[in-house]
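Asker: Sharing a structure here in structure tokens format.
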Amino acid sequence: MVRRMEALGKFLDTDDGKNLLAGYKRATNILRIEEKKDNTSYTGAPDSKLYSQAEEKALAQAIDAAKAEAQKAVAKEDFAATMSAIAKLRPHVDAFFDKVAVNIDDKPLRANRLRLLNEIREATRSVADFSKIEG
């Protein structure tokens, strides 16, 4: 546990760590607001057939790859590699928020994008509970 916390601390001191934490917080804030407003939970896998923008597809692929890589690293207790795997999400999270509107009138597409945001939350949970991190 100590090694994991040390690796997390080092990761959060990097630009990738700070920016990924900011992206995580943005995703979870949007989810919290929309889930409360809609009285539902946007869990479950998004439907890849509904991705209409390249940034959605790229984020989904990056999440899948990061989760798989992070799980292997956690199993080996290689926490630096775990953080490295999660760090690879950063440019895709940034691009998603720069180019993709989540709250749109198309309800199925909106719900799918919210489920994709939930995937960010789930991917980081394999590393640490980012909701407990201040900053």
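Going by the structure tokens order, chains are called A, B, ..., each with residues numbered from 1, while ligands are numbered from 1 in the order shown.
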Using backbone DSSP assignments, extract all helix (DSSP H, G or I) residues from chain A; output them as a PyMOL selection string.
Answerer: chain A and resi 2-12+15-38+48-50+54-75+79-87+90-99+107-125+130-132
Asker: The selected residues should be written to file as a CSV table (one decimal), in the first residue's frame (atoms: C-alpha atoms).
Answerer:
chain,number,residue,atom,x,y,z
A,2,VAL,CA,2.8,2.4,0.8
A,3,ARG,CA,4.5,1.8,-2.6
A,4,ARG,CA,1.2,2.4,-4.3
A,5,MET,CA,0.7,5.7,-2.4
A,6,GLU,CA,4.3,6.8,-3.2
A,7,ALA,CA,3.8,6.0,-6.9
A,8,LEU,CA,0.5,7.9,-6.9
A,9,GLY,CA,2.1,10.9,-5.2
A,10,LYS,CA,4.9,11.0,-7.7
A,11,PHE,CA,2.4,10.7,-10.6
A,12,LEU,CA,0.2,13.5,-9.2
A,15,ASP,CA,1.8,17.6,-15.4
A,16,ASP,CA,0.1,14.4,-16.7
A,17,GLY,CA,-1.0,13.6,-13.2
A,18,LYS,CA,-2.4,17.0,-12.5
A,19,ASN,CA,-4.2,17.3,-15.8
A,20,LEU,CA,-5.6,13.8,-15.6
A,21,LEU,CA,-6.9,14.5,-12.1
A,22,ALA,CA,-8.5,17.7,-13.5
A,23,GLY,CA,-10.1,15.7,-16.3
A,24,TYR,CA,-11.3,13.1,-13.8
A,25,LYS,CA,-12.9,15.7,-11.6
A,26,ARG,CA,-14.5,17.4,-14.6
A,27,ALA,CA,-16.0,14.0,-15.8
A,28,THR,CA,-17.2,13.1,-12.3
A,29,ASN,CA,-18.8,16.6,-11.7
A,30,ILE,CA,-20.7,16.3,-15.0
A,31,LEU,CA,-21.8,12.8,-14.1
A,32,ARG,CA,-22.9,13.8,-10.6
A,33,ILE,CA,-24.9,16.7,-11.9
A,34,GLU,CA,-26.5,14.8,-14.8
A,35,GLU,CA,-27.2,11.7,-12.7
A,36,LYS,CA,-29.0,13.8,-10.1
A,37,LYS,CA,-30.9,15.8,-12.7
A,38,ASP,CA,-32.0,12.6,-14.6
A,48,SER,CA,-19.4,2.0,-29.7
A,49,LYS,CA,-21.8,2.2,-32.6
A,50,LEU,CA,-23.0,5.6,-31.2
A,54,ALA,CA,-13.0,10.6,-33.5
A,55,GLU,CA,-12.3,11.9,-30.0
A,56,GLU,CA,-15.0,9.6,-28.5
A,57,LYS,CA,-13.5,6.6,-30.3
A,58,ALA,CA,-10.0,7.5,-29.3
A,59,LEU,CA,-10.9,8.0,-25.7
A,60,ALA,CA,-12.8,4.7,-25.6
A,61,GLN,CA,-9.8,2.8,-27.1
A,62,ALA,CA,-7.4,4.6,-24.7
A,63,ILE,CA,-9.5,3.7,-21.7
A,64,ASP,CA,-9.7,0.0,-22.7
A,65,ALA,CA,-5.9,-0.1,-23.2
A,66,ALA,CA,-5.1,1.8,-20.0
A,67,LYS,CA,-7.4,-0.4,-17.9
A,68,ALA,CA,-5.8,-3.6,-19.3
A,69,GLU,CA,-2.3,-2.3,-18.9
A,70,ALA,CA,-3.0,-1.0,-15.4
A,71,GLN,CA,-4.6,-4.3,-14.2
A,72,LYS,CA,-1.5,-6.2,-15.4
A,73,ALA,CA,0.8,-3.8,-13.6
A,74,VAL,CA,-1.3,-3.9,-10.4
A,75,ALA,CA,-1.2,-7.7,-10.4
A,79,PHE,CA,2.7,0.8,-9.3
A,80,ALA,CA,4.9,3.1,-11.4
A,81,ALA,CA,3.8,1.1,-14.5
A,82,THR,CA,0.2,1.4,-13.2
A,83,MET,CA,0.5,5.2,-13.1
A,84,SER,CA,2.2,5.2,-16.5
A,85,ALA,CA,-0.7,3.3,-18.0
A,86,ILE,CA,-3.3,5.7,-16.6
A,87,ALA,CA,-1.2,8.7,-17.7
A,90,ARG,CA,-4.5,12.3,-20.4
A,91,PRO,CA,-4.3,13.5,-24.0
A,92,HIS,CA,-7.5,11.6,-24.9
A,93,VAL,CA,-9.4,13.0,-22.0
A,94,ASP,CA,-8.2,16.5,-22.9
A,95,ALA,CA,-9.2,16.1,-26.6
A,96,PHE,CA,-12.6,14.7,-25.6
A,97,PHE,CA,-13.4,17.7,-23.5
A,98,ASP,CA,-12.0,20.1,-26.1
A,99,LYS,CA,-14.0,18.7,-29.1
A,107,LYS,CA,-30.8,11.7,-25.7
A,108,PRO,CA,-29.2,8.3,-26.8
A,109,LEU,CA,-26.0,10.0,-27.8
A,110,ARG,CA,-25.9,12.1,-24.6
A,111,ALA,CA,-26.4,9.0,-22.4
A,112,ASN,CA,-23.7,7.2,-24.3
A,113,ARG,CA,-21.3,10.1,-23.8
A,114,LEU,CA,-22.1,10.1,-20.1
A,115,ARG,CA,-21.4,6.4,-19.9
A,116,LEU,CA,-18.1,7.1,-21.6
A,117,LEU,CA,-17.3,9.7,-18.9
A,118,ASN,CA,-18.1,7.0,-16.3
A,119,GLU,CA,-15.5,4.8,-18.0
A,120,ILE,CA,-12.9,7.4,-17.1
A,121,ARG,CA,-14.0,7.2,-13.4
A,122,GLU,CA,-13.9,3.4,-13.6
A,123,ALA,CA,-10.4,3.3,-15.2
A,124,THR,CA,-8.9,5.5,-12.5
A,125,ARG,CA,-10.5,3.3,-9.7
A,130,PHE,CA,-9.3,9.9,-7.2
A,131,SER,CA,-12.4,11.3,-5.5
A,132,LYS,CA,-10.4,11.4,-2.3
Asker: Mind pulling up the distance from CA of Tyr51 in chain A to CA of Ala101 in chain A?
Answerer: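 Result for CA of Ala101 in chain A versus CA of Tyr51 in chain A: 12.2 Å, one decimal.
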Asker: Just how far from CA of Leu89 in chain A is CA of Thr14 in chain A, in Å to one decimal?
Answerer: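 For CA of Thr14 in chain A relative to CA of Leu89 in chain A, the distance reads 13.9 Å.
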Asker: Suppose you want the space between CA of Pro46 in chain A and CA of Val102 in chain A; what is it in Å?
Answerer: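 Between CA of Pro46 in chain A and CA of Val102 in chain A the gap works out to 13.2 Å.
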